[in-house]
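Data block for my_file00.cif (mmCIF, C-alpha atoms):
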```cif
data_entry
#
loop_
_atom_site.label_atom_id
_atom_site.label_comp_id
_atom_site.auth_asym_id
_atom_site.auth_seq_id
_atom_site.Cartn_x
_atom_site.Cartn_y
_atom_site.Cartn_z
CA MET A 1 -27.16 -13.68 25.38
CA THR A 2 -29.31 -10.83 26.70
CA GLN A 3 -32.48 -11.34 28.72
CA ASP A 4 -34.52 -10.35 25.66
CA ASP A 5 -32.69 -12.97 23.57
CA GLY A 6 -33.41 -15.56 26.26
CA GLU A 7 -37.10 -14.64 26.29
CA LEU A 8 -37.32 -14.90 22.49
CA ASP A 9 -35.46 -18.22 22.58
CA GLY A 10 -38.02 -19.60 25.05
CA LEU A 11 -40.90 -18.19 23.03
CA VAL A 12 -39.68 -19.88 19.83
CA ARG A 13 -39.40 -23.22 21.63
CA LYS A 14 -42.95 -22.84 23.00
CA ARG A 15 -44.22 -21.99 19.51
CA ILE A 16 -42.63 -25.09 18.01
CA ARG A 17 -44.25 -27.30 20.64
CA ALA A 18 -47.63 -25.51 20.43
CA LEU A 19 -47.73 -25.80 16.63
CA ARG A 20 -46.81 -29.48 16.83
CA VAL A 21 -49.50 -30.19 19.43
CA ALA A 22 -52.08 -28.16 17.47
CA GLN A 23 -51.44 -30.43 14.47
CA GLY A 24 -51.89 -33.48 16.71
CA TRP A 25 -48.37 -34.68 15.94
CA SER A 26 -46.09 -36.61 18.25
CA LEU A 27 -42.42 -35.71 18.60
CA GLU A 28 -41.71 -38.65 16.31
CA GLU A 29 -44.08 -37.40 13.60
CA LEU A 30 -42.71 -33.84 13.50
CA ALA A 31 -39.12 -35.10 13.69
CA LYS A 32 -39.80 -37.29 10.65
CA ARG A 33 -41.39 -34.40 8.73
CA ALA A 34 -38.48 -32.08 9.62
CA HIS A 35 -35.81 -34.73 8.92
CA LEU A 36 -34.50 -34.48 12.49
CA SER A 37 -34.03 -37.16 15.10
CA GLN A 38 -36.73 -37.40 17.76
CA SER A 39 -34.15 -36.75 20.50
CA THR A 40 -32.90 -33.61 18.70
CA LEU A 41 -36.44 -32.26 18.44
CA SER A 42 -37.12 -33.08 22.08
CA ARG A 43 -33.95 -31.21 23.14
CA ILE A 44 -34.94 -28.22 20.96
CA GLU A 45 -38.40 -28.05 22.54
CA ASN A 46 -37.17 -28.37 26.13
CA GLY A 47 -34.22 -25.98 25.79
CA ARG A 48 -31.38 -28.48 26.05
CA ARG A 49 -30.17 -27.84 22.50
CA ARG A 50 -29.13 -24.55 20.92
CA LEU A 51 -31.53 -23.19 18.30
CA ALA A 52 -29.72 -23.35 14.97
CA LEU A 53 -30.92 -21.46 11.90
CA ASP A 54 -30.92 -24.55 9.66
CA SER A 55 -33.09 -26.47 12.16
CA LEU A 56 -35.49 -23.54 12.51
CA VAL A 57 -35.90 -23.24 8.73
CA THR A 58 -36.63 -26.98 8.47
CA LEU A 59 -39.04 -26.89 11.42
CA ALA A 60 -40.88 -23.84 10.09
CA ARG A 61 -41.38 -25.59 6.75
CA ALA A 62 -42.53 -28.82 8.43
CA LEU A 63 -44.97 -26.86 10.64
CA ASP A 64 -46.37 -25.03 7.60
CA THR A 65 -45.30 -21.60 8.82
CA THR A 66 -42.54 -19.15 7.97
CA LEU A 67 -39.26 -18.56 9.75
CA ASP A 68 -40.36 -14.94 10.32
CA GLN A 69 -43.52 -16.07 12.11
CA LEU A 70 -41.65 -18.65 14.13
CA VAL A 71 -39.06 -16.17 15.46
CA GLU A 72 -41.29 -13.07 15.59
CA ASP A 73 -40.74 -11.08 18.78
CA ALA A 74 -43.70 -10.93 21.15
CA SER A 75 -44.85 -7.35 20.78
CA ASP A 76 -46.15 -5.24 23.63
CA ASP A 77 -48.21 -3.03 21.32
CA VAL A 78 -51.18 -5.39 21.07
CA VAL A 79 -53.75 -2.56 21.22
CA ILE A 80 -53.73 -0.28 18.17
CA SER A 81 -55.41 3.12 18.15
CA PRO A 82 -57.23 4.18 14.99
CA MET A 83 -56.38 7.05 12.70
CA ILE A 84 -59.56 9.14 12.44
CA ASP A 85 -60.59 10.85 9.20
CA SER A 86 -63.56 13.07 10.12
CA ALA A 87 -64.00 14.35 6.56
CA HIS A 88 -64.85 10.84 5.33
CA SER A 89 -66.36 9.48 8.57
CA THR A 90 -63.74 6.73 8.76
CA MET A 91 -61.39 5.14 11.25
CA ARG A 92 -58.41 3.18 9.93
CA TRP A 93 -56.24 0.57 11.60
CA PRO A 94 -53.10 -0.89 9.99
CA ILE A 95 -52.73 -4.66 10.27
CA LYS A 96 -49.33 -5.25 11.84
CA ALA A 97 -48.95 -8.80 10.52
CA ASP A 98 -49.22 -7.48 6.94
CA PRO A 99 -48.43 -3.76 6.67
CA GLY A 100 -50.01 -3.73 3.22
CA MET A 101 -53.44 -4.49 4.66
CA ILE A 102 -55.73 -2.07 6.45
CA VAL A 103 -59.04 -2.17 8.34
CA VAL A 104 -61.45 0.73 7.87
CA ARG A 105 -64.62 1.47 9.86
CA GLN A 106 -67.02 3.71 7.99
CA ARG A 107 -70.51 5.14 8.51
CA MET A 108 -72.52 5.47 5.29
CA THR A 109 -75.74 7.35 4.73
CA GLU A 110 -76.08 7.47 0.93
CA PRO A 111 -77.02 4.59 -1.38
CA PRO A 112 -74.37 3.39 -3.83
CA PRO A 113 -74.48 4.58 -7.45
CA ASP A 114 -76.36 2.20 -9.77
CA ASN A 115 -74.36 3.24 -12.80
CA PRO A 116 -71.27 1.04 -13.33
CA SER A 117 -69.42 4.00 -14.86
CA ARG A 118 -69.52 5.65 -11.39
CA MET A 119 -68.07 2.57 -9.65
CA ARG A 120 -64.40 1.84 -9.13
CA ALA A 121 -62.38 -1.17 -10.20
CA HIS A 122 -58.76 -1.90 -9.29
CA PRO A 123 -56.58 -4.90 -8.45
CA GLY A 124 -57.05 -6.53 -5.08
CA ARG A 125 -59.58 -8.11 -2.79
CA GLU A 126 -61.89 -6.62 -0.16
CA TRP A 127 -63.89 -7.94 2.74
CA LEU A 128 -66.64 -6.06 4.55
CA VAL A 129 -68.67 -6.74 7.69
CA VAL A 130 -71.85 -4.77 8.39
CA LEU A 131 -71.77 -3.62 12.02
CA SER A 132 -75.20 -1.93 11.97
CA GLY A 133 -77.94 -1.18 9.46
CA THR A 134 -78.02 -2.63 5.97
CA ALA A 135 -75.41 -2.05 3.28
CA VAL A 136 -75.81 -2.44 -0.46
CA LEU A 137 -72.87 -3.85 -2.39
CA MET A 138 -72.94 -3.22 -6.10
CA LEU A 139 -70.75 -5.54 -8.20
CA GLY A 140 -71.16 -4.54 -11.83
CA HIS A 141 -74.90 -4.87 -12.51
CA ARG A 142 -75.50 -7.14 -9.52
CA ARG A 143 -76.89 -5.78 -6.25
CA PHE A 144 -76.35 -7.49 -2.87
CA ARG A 145 -78.00 -6.53 0.42
CA VAL A 146 -75.65 -7.17 3.34
CA GLU A 147 -77.42 -7.10 6.71
CA THR A 148 -76.03 -6.47 10.20
CA ASN A 149 -73.51 -9.17 11.16
CA GLN A 150 -73.25 -10.44 7.58
CA ALA A 151 -70.04 -10.20 5.58
CA ALA A 152 -69.05 -10.10 1.92
CA GLU A 153 -65.80 -10.82 0.11
CA PHE A 154 -65.14 -9.85 -3.48
CA PRO A 155 -62.38 -9.23 -6.04
CA THR A 156 -61.99 -5.51 -6.65
CA MET A 157 -61.37 -5.92 -10.38
CA LEU A 158 -65.18 -6.00 -10.64
CA PRO A 159 -66.64 -2.49 -10.76
CA HIS A 160 -67.96 -2.02 -7.24
CA ALA A 161 -69.55 0.44 -4.86
CA ILE A 162 -70.91 0.24 -1.33
CA GLY A 163 -73.62 2.35 0.24
CA ALA A 164 -76.46 2.39 2.75
CA ASP A 165 -79.94 0.93 2.26
CA GLY A 166 -82.91 2.57 3.97
CA GLY A 167 -80.91 4.52 6.55
CA PRO A 168 -77.38 4.81 7.88
CA CYS A 169 -75.15 1.76 8.12
CA GLU A 170 -71.76 1.17 9.59
CA ILE A 171 -69.27 -1.20 7.99
CA LEU A 172 -65.85 -2.61 8.72
CA GLY A 173 -63.83 -3.03 5.54
CA ILE A 174 -60.60 -5.01 5.17
CA PHE A 175 -58.43 -4.20 2.18
CA ASP A 176 -55.48 -6.21 0.92
CA ARG A 177 -52.39 -4.37 -0.32
CA ASP A 178 -53.65 -3.89 -3.90
CA ALA A 179 -57.17 -2.87 -2.88
CA ARG A 180 -55.74 -0.39 -0.38
CA ARG A 181 -53.65 1.21 -3.12
CA GLY A 182 -56.73 1.41 -5.37
CA HIS A 183 -58.66 3.27 -2.69
CA GLN A 184 -55.76 5.55 -1.78
CA ARG A 185 -55.61 6.75 -5.39
CA GLY A 186 -59.22 7.90 -4.96
CA ASP A 187 -58.85 9.44 -1.50
CA GLY A 188 -60.12 12.76 -2.78
CA ASP A 189 -63.58 11.18 -2.63
CA ASP A 190 -65.13 9.03 0.07
CA GLY A 191 -62.87 6.08 -0.69
CA ALA A 192 -65.71 3.58 -0.73
CA ASN A 193 -68.39 4.29 -3.30
CA ARG A 194 -67.01 6.78 -5.78
CA PRO A 195 -65.14 5.99 -8.99
CA GLU A 196 -61.39 6.36 -9.26
CA GLN A 197 -60.30 9.64 -10.79
#
```
If you convert what's in this file into structure tokens, what do you get?
Amino acid sequence: MTQDDGELDGLVRKRIRALRVAQGWSLEELAKRAHLSQSTLSRIENGRRRLALDSLVTLARALDTTLDQLVEDASDDVVISPMIDSAHSTMRWPIKADPGMIVVRQRMTEPPPDNPSRMRAHPGREWLVVLSGTAVLMLGHRRFRVETNQAAEFPTMLPHAIGADGGPCEILGIFDRDARRGHQRGDGDDGANRPEQ
């Protein structure tokens, strides 16, 4: 076993214990949920028993996580630099845990269109946080003012547009995989408040 394998082995054992403790479960309780003996679980946590795939699958299920998350390598690239798009005044960060998701920071100066025919609709879900100023979120014929430090979440199948209200605003948008695809199809425009082409 390499040093890296040994480090990952120790990390997995620490995760199992940390998840158990976070749930407020004793060794006995988790062992019962995972259909393992208490002594087996204790030996897994303290490194006196080899980590077997079948035990890890059972433990992941009992801890309400996935095997991938349980054995995920500790990454050194914690800090992620943005990709800057000057033409659209945006910064984008991929979300490593889910490569389909993306975070976008955008400065807006124009109000959103009031006409639903100029709004976009596509599968997915979006979240936005207003970092400064006031944003206007149009959802069909409904208009929402979102102030600094407020957030909004909405399904993107509703015709929607986002813009500024009474001066520039800066927002942080989070797009799931489907919403990201919907905005990428319209990247010829500003990606936030124009209709899909």
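Excluding Ile162 (chain A) and any residue on its chain fewer than 6 positions from it, the residues at most 10 Å away by all atoms listed in the file are Met108, Glu110, Pro111, Pro112, Pro113, Met119, Leu128, Ala135, Val136, Leu137, Met138, Leu139, Arg143, Phe144, Arg145, Val146, Ile171, Gly191, Ala192, Asn193 and Arg194 of chain A.
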Which residues, named as in the file, does the PyMOL selection byres ((chain A and resi 17) around 12) pick out? Answer as a PyMOL selection string. chain A and resi 10-16+18-27+30-31+41-47+59-60+63+70
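Closest approach to Val57 (chain A) among A:Thr40, A:Pro155, A:His160, A:Ala34: A:Ala34, based on all atoms listed in the file.
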Would you list the contacts of Arg125 (chain A) as a ChimeraX atom specification, taking every protein, DNA or RNA residue within 9 Å and counting all atoms listed in the file, but skipping same-chain residues closer than 6 positions in sequence? /A:153-157,174-180
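From CA of Thr109 (chain A) back to CA of Asp85 (chain A), the distance works out to 16.2 Å.
With only C-alpha atoms as the atoms that count, the minimum distance from Thr148 (chain A) to the choices A:Glu170, A:Gln38, A:Leu8, A:Gly163 is reached by A:Glu170.
Every protein or nucleic acid residue with an atom no more than 10 Å from Met91 (chain A), counting all atoms listed in the file and leaving out same-chain residues fewer than 3 positions away, appears here: A:Ser81, A:Pro82, A:Met83, A:Ile84, A:Asp85, A:Ser86, A:His88, A:Val103, A:Val104, A:Arg105, A:Gln106, A:Arg107, A:Leu172.
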Just the number, please: distance in Å from CA of His122 (chain A) to CA of Pro168 (chain A), one decimal. 26.2 Å
Choose the residue, out of A:Ala151, A:Ala161, A:Leu56, A:Leu67, that has the smallest atom-to-atom separation from Thr134 (chain A); count all atoms listed in the file. A:Ala151
From the list A:Ala164, A:Ala152, A:Cys169, A:Met101, the nearest residue to Arg181 (chain A) using all atoms listed in the file is A:Met101
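Taking CA of Ser55 (chain A) and CA of Asp9 (chain A) as the two end points, the separation is 13.5 Å.
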Starting from the point (-60.0, 1.7, -9.4), work out which residues of protein, DNA or RNA have an atom no more than 6 Å away when counting all atoms listed in the file; state them as a count of residues only. 5
How would region 47-71 of chain A read, as a CSV table (one decimal), in the coordinates of the input, once N, CA and C atoms are built in?
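What ended up in rebuild10.csv:
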```csv
chain,number,residue,atom,x,y,z
A,47,GLY,N,-35.3,-26.9,25.5
A,47,GLY,CA,-34.2,-26.0,25.8
A,47,GLY,C,-32.9,-26.6,26.1
A,48,ARG,N,-32.7,-27.9,25.8
A,48,ARG,CA,-31.4,-28.5,26.0
A,48,ARG,C,-30.5,-28.5,24.8
A,49,ARG,N,-31.0,-27.9,23.7
A,49,ARG,CA,-30.2,-27.8,22.5
A,49,ARG,C,-30.3,-26.4,22.0
A,50,ARG,N,-29.2,-25.9,21.5
A,50,ARG,CA,-29.1,-24.6,20.9
A,50,ARG,C,-30.0,-24.5,19.7
A,51,LEU,N,-30.7,-23.4,19.5
A,51,LEU,CA,-31.5,-23.2,18.3
A,51,LEU,C,-30.6,-22.8,17.1
A,52,ALA,N,-30.6,-23.6,16.1
A,52,ALA,CA,-29.7,-23.4,15.0
A,52,ALA,C,-30.6,-22.9,13.8
A,53,LEU,N,-30.1,-22.0,13.0
A,53,LEU,CA,-30.9,-21.5,11.9
A,53,LEU,C,-31.4,-22.6,10.9
A,54,ASP,N,-30.5,-23.5,10.6
A,54,ASP,CA,-30.9,-24.6,9.7
A,54,ASP,C,-32.0,-25.4,10.2
A,55,SER,N,-32.0,-25.7,11.5
A,55,SER,CA,-33.1,-26.5,12.2
A,55,SER,C,-34.4,-25.7,12.2
A,56,LEU,N,-34.3,-24.4,12.5
A,56,LEU,CA,-35.5,-23.5,12.5
A,56,LEU,C,-36.2,-23.4,11.1
A,57,VAL,N,-35.4,-23.3,10.1
A,57,VAL,CA,-35.9,-23.2,8.7
A,57,VAL,C,-36.6,-24.5,8.4
A,58,THR,N,-36.0,-25.7,8.7
A,58,THR,CA,-36.6,-27.0,8.5
A,58,THR,C,-37.9,-27.2,9.3
A,59,LEU,N,-37.9,-26.8,10.6
A,59,LEU,CA,-39.0,-26.9,11.4
A,59,LEU,C,-40.2,-26.0,11.0
A,60,ALA,N,-39.8,-24.8,10.6
A,60,ALA,CA,-40.9,-23.8,10.1
A,60,ALA,C,-41.6,-24.4,8.9
A,61,ARG,N,-40.8,-25.0,8.0
A,61,ARG,CA,-41.4,-25.6,6.8
A,61,ARG,C,-42.3,-26.8,7.1
A,62,ALA,N,-41.8,-27.6,8.0
A,62,ALA,CA,-42.5,-28.8,8.4
A,62,ALA,C,-43.8,-28.4,9.2
A,63,LEU,N,-43.8,-27.3,9.9
A,63,LEU,CA,-45.0,-26.9,10.6
A,63,LEU,C,-45.9,-26.0,9.8
A,64,ASP,N,-45.6,-25.8,8.5
A,64,ASP,CA,-46.4,-25.0,7.6
A,64,ASP,C,-46.5,-23.6,8.1
A,65,THR,N,-45.4,-23.0,8.5
A,65,THR,CA,-45.3,-21.6,8.8
A,65,THR,C,-44.0,-21.0,8.2
A,66,THR,N,-43.8,-19.8,8.5
A,66,THR,CA,-42.5,-19.2,8.0
A,66,THR,C,-41.5,-19.0,9.1
A,67,LEU,N,-40.3,-18.8,8.7
A,67,LEU,CA,-39.3,-18.6,9.8
A,67,LEU,C,-39.6,-17.2,10.5
A,68,ASP,N,-40.0,-16.2,9.7
A,68,ASP,CA,-40.4,-14.9,10.3
A,68,ASP,C,-41.4,-15.1,11.4
A,69,GLN,N,-42.5,-15.9,11.1
A,69,GLN,CA,-43.5,-16.1,12.1
A,69,GLN,C,-43.0,-16.9,13.3
A,70,LEU,N,-42.2,-17.8,13.1
A,70,LEU,CA,-41.6,-18.6,14.1
A,70,LEU,C,-40.8,-17.9,15.1
A,71,VAL,N,-40.0,-16.9,14.6
A,71,VAL,CA,-39.1,-16.2,15.5
A,71,VAL,C,-39.5,-14.7,15.8
```
